[in-house]
Amino acid sequence: MSPDLAASLTATAIKMAVTLALLINVVPVMLWVERRGSALMQDRPGPNRLGPLGLFQGLADAMKFMFKEDVTPAAVDRVMFLSAPVLALLPALTTFSVIPFGPDLVFHGRSIPLLVADTDAGVLLFLALASLGVYGLVMAGYGSNNKFSLLGSIRASSQLISYELALTLSVVAAILPVGSFRLPDVIAYQQAHVWSVLPQILGFAVFVVASFAETNRLPFDLPEAESELIAGYHTEYSAMKFSMFPIAEYTNMATVSAMLVTLFFGGWDIPFITWDQNGSGLATLATGVFMFLKVMFFLFFFMWIRWTLPRFRYDQLMALGWKFMIPLALCYIMVITLAIWILESVIGVSNPHVLALALFGLNLVLCYIVFFILDRGYILSGSYHRSTANLV
């Protein structure tokens with residue numbers, strides 16, 4: 001084996017280990033943050049018995065799952081039943097591989113990209129891997145040989161498929177000005193121009209709403225709602241097989257938050273400075289910490305919304321996705337494409353800051369039209385318009 005290949009394999013193995021360790025540990029940490037955060041919002045103690053401030057509650061839950069009896073019903077399809085938790089968790093762990101968490105590290109004259117899979121189709125790979133999670137839910141419901149589990153899996157998978165379309169279209173709008181599917185190129189574009197959240201406000205809003213539905217978080221947690229089938233697809237699961245489904249959900253939250261930060265908030269970029277790109281160890285540490293703080297902010301945002309907004313009904317959920325989010329995302333792509341072509345090719349705008357300012361103004365106008373003129377209860381009131389005749 002050549003020294004270059006050995007060094008490349010070693011660097012890849014280290015990056016995979018670091019990424020896996022971060023994703024595995026984010027679950028107990030976010031469980032504790034969600035419990036303590038919700039308790040703070042609701043003026044109650046929250047977990048406070050195990051360890052200082054209840055920090056060991058997550059460890060106790062993990063021990064409980066590991067030592068519970070693992071029951072497999074006799075009539076299940078064993079291949080599907082046993083494969084479903086793995087297929088639900090595997091995409092959640094692998095999608096983070098395309099997220100850059102720092103600039104290229106220069107080590108002994110060698111440039112090491114700080115992402116596991118440095119591919120020219122990083123955005124497409126992320127969307128492809130993320131879409132595989134729905135198969136785990138379908139297999140869990142179908143393989144359980146339980147009609148309620150099957151109904152729960154159908155409802156959950158239909159939600160994921162519906163909002164996955166809007167999520168993908170919002171990503172397309174975000175990378176249109178960049179002209180590349182490489183996430184490092186997306187970050188470099190934002191460093192040279194401005195963070196994409198400003199010239200892409202409406203696309204950011206679509207991505208956030210679709211992200212809540214994709215991760216089954218309130219107000220879109222219909223598969224897990226107490227008034228519904230209570231996530232029926234994992235009714236027959238127990239012990240560690242059951243725990244793999246909530247682990248996949250929290251891991252998906254972290255991955256979607258990292259993707260949101262990368263597409264709209266400059267990724268690991270620290271604004272107003274340039275030394276964070278020099279590839280030194282200090283720059284790598286600083287950008288990694290800044291990326292971590294950005295991701296943690298949006299993870300907290302996910303939890304904050306959970307205790308703030310009421311839950312949708314299932315018909316409202318599907319109507320919002322198919323009748324509003326997908327048409328909105330399609331129209332937004334066409335408007336942004338036309339605006340970029342007019343500004344760059346017709347008017348001849350070459351200054352990146354002028355281009356960003358023009359797109360920012362356009363997005364403000366679009367947001368006003370969508371949320372205050374065209375909206376009929378889809379977003380602002382969490383419902384959709386129905387005539388009085390339909391209510392009688």
# chains A, B, ... in the order shown; residues from 1 in each chain; ligands from 1
$ closest_atom_pairs --of "region 19-80 of chain A" --to "region 292-300 of chain A" --cutoff "9 Å" --atoms "only C-alpha atoms" --output "JSON lines"
{"residue": "A:Met30", "atom": "CA", "partner": "A:Leu299", "partner_atom": "CA", "distance": 8.0}
{"residue": "A:Val33", "atom": "CA", "partner": "A:Phe300", "partner_atom": "CA", "distance": 8.0}
{"residue": "A:Glu34", "atom": "CA", "partner": "A:Phe300", "partner_atom": "CA", "distance": 7.9}
{"residue": "A:Gly37", "atom": "CA", "partner": "A:Phe300", "partner_atom": "CA", "distance": 8.6}
$ write_last_selection --atoms "N, CA and C atoms" --output "compact mmCIF listing (two decimals), in the first residue's frame"
# COMPACT_ATOMS: atom_id res chain seq x y z
N MET A 30 -29.28 15.74 23.66
CA MET A 30 -30.48 16.45 23.25
C MET A 30 -31.71 15.97 24.02
N VAL A 33 -31.43 18.01 27.11
CA VAL A 33 -31.75 19.41 26.82
C VAL A 33 -33.25 19.58 26.59
N GLU A 34 -33.87 18.63 25.88
CA GLU A 34 -35.30 18.76 25.62
C GLU A 34 -36.12 18.63 26.90
N GLY A 37 -35.26 21.73 29.02
CA GLY A 37 -35.78 22.92 28.37
C GLY A 37 -37.29 23.02 28.46
$ residues_around --residues "region 77-85 of chain A" --least-positions-apart "5" --cutoff "12 Å" --atoms "only C-alpha atoms" --output "CSV table (one decimal) with C-alpha atoms, in the first residue's frame"
chain,number,residue,atom,x,y,z
A,70,ASP,CA,-36.3,-8.2,23.6
A,71,VAL,CA,-39.6,-9.8,22.4
A,72,THR,CA,-40.1,-10.7,18.7
A,90,LEU,CA,-28.4,3.8,8.9
A,91,PRO,CA,-29.5,6.8,6.7
A,92,ALA,CA,-29.5,9.1,9.7
A,132,LEU,CA,-34.0,5.9,2.4
A,133,GLY,CA,-35.3,6.4,5.9
A,134,VAL,CA,-38.9,6.0,4.7
A,135,TYR,CA,-38.2,2.3,3.8
A,136,GLY,CA,-37.4,1.5,7.5
A,137,LEU,CA,-40.8,2.8,8.5
A,138,VAL,CA,-42.7,0.9,5.7
A,139,MET,CA,-40.8,-2.3,6.5
A,140,ALA,CA,-41.4,-2.0,10.2
A,141,GLY,CA,-45.2,-1.6,9.7
A,142,TYR,CA,-45.5,-4.3,7.0
A,143,GLY,CA,-43.2,-6.8,8.7
A,144,SER,CA,-45.0,-6.5,12.1
A,145,ASN,CA,-48.0,-8.4,10.7
A,146,ASN,CA,-50.2,-5.9,12.6
A,149,SER,CA,-48.6,-1.0,12.6
A,153,SER,CA,-46.3,3.2,8.7
A,233,TYR,CA,-45.1,1.2,13.0
A,234,HIS,CA,-43.0,0.4,16.1
A,235,THR,CA,-45.8,-1.0,18.3
A,236,GLU,CA,-44.4,-4.5,18.2
A,237,TYR,CA,-40.8,-3.5,18.9
A,238,SER,CA,-39.1,-3.6,22.3
A,239,ALA,CA,-35.7,-3.1,24.0
A,240,MET,CA,-32.9,-1.8,21.7
A,241,LYS,CA,-34.8,-2.4,18.5
A,242,PHE,CA,-37.5,0.1,19.7
A,243,SER,CA,-34.8,2.6,20.8
A,244,MET,CA,-33.3,2.7,17.4
A,245,PHE,CA,-36.3,4.6,16.0
A,246,PRO,CA,-36.1,7.6,18.4
A,247,ILE,CA,-32.3,7.6,18.1
A,248,ALA,CA,-32.8,7.9,14.3
A,249,GLU,CA,-35.2,10.8,14.8
$ atom_distance --atom1 "CA of Thr287 (chain A)" --atom2 "CA of Ala128 (chain A)"
27.2 Å
$ closest_residue --among "A:Leu23, A:Thr168, A:Ser157, A:Ser196" --to "Phe96 (chain A)" --atoms "only C-alpha atoms"
A:Leu23
$ closest_atom_pairs --of "region 265-357 of chain A" --to "region 361-374 of chain A" --cutoff "12 Å" --atoms "only C-alpha atoms" --output "CSV"
residue,atom,partner,partner_atom,distance
A:Phe324,CA,A:Val370,CA,10.2
A:Met325,CA,A:Val370,CA,11.0
A:Pro327,CA,A:Val370,CA,11.7
A:Leu328,CA,A:Val370,CA,8.6
A:Ala329,CA,A:Val370,CA,11.4
A:Cys331,CA,A:Leu366,CA,10.6
A:Tyr332,CA,A:Leu366,CA,8.7
A:Ile333,CA,A:Asn363,CA,11.9
A:Val335,CA,A:Leu362,CA,9.3
A:Ile336,CA,A:Leu362,CA,8.8
A:Leu338,CA,A:Leu362,CA,11.5
A:Ala339,CA,A:Leu362,CA,8.5
A:Ile340,CA,A:Leu362,CA,10.8
A:Leu343,CA,A:Leu362,CA,11.6
A:Val354,CA,A:Gly361,CA,10.6
A:Leu355,CA,A:Gly361,CA,10.0
A:Ala356,CA,A:Gly361,CA,8.7
A:Leu357,CA,A:Gly361,CA,6.3
$ select_by_dssp --residues "region 21-244 of chain A" --states "alpha helix (DSSP H)" --output "count of residues only"
129
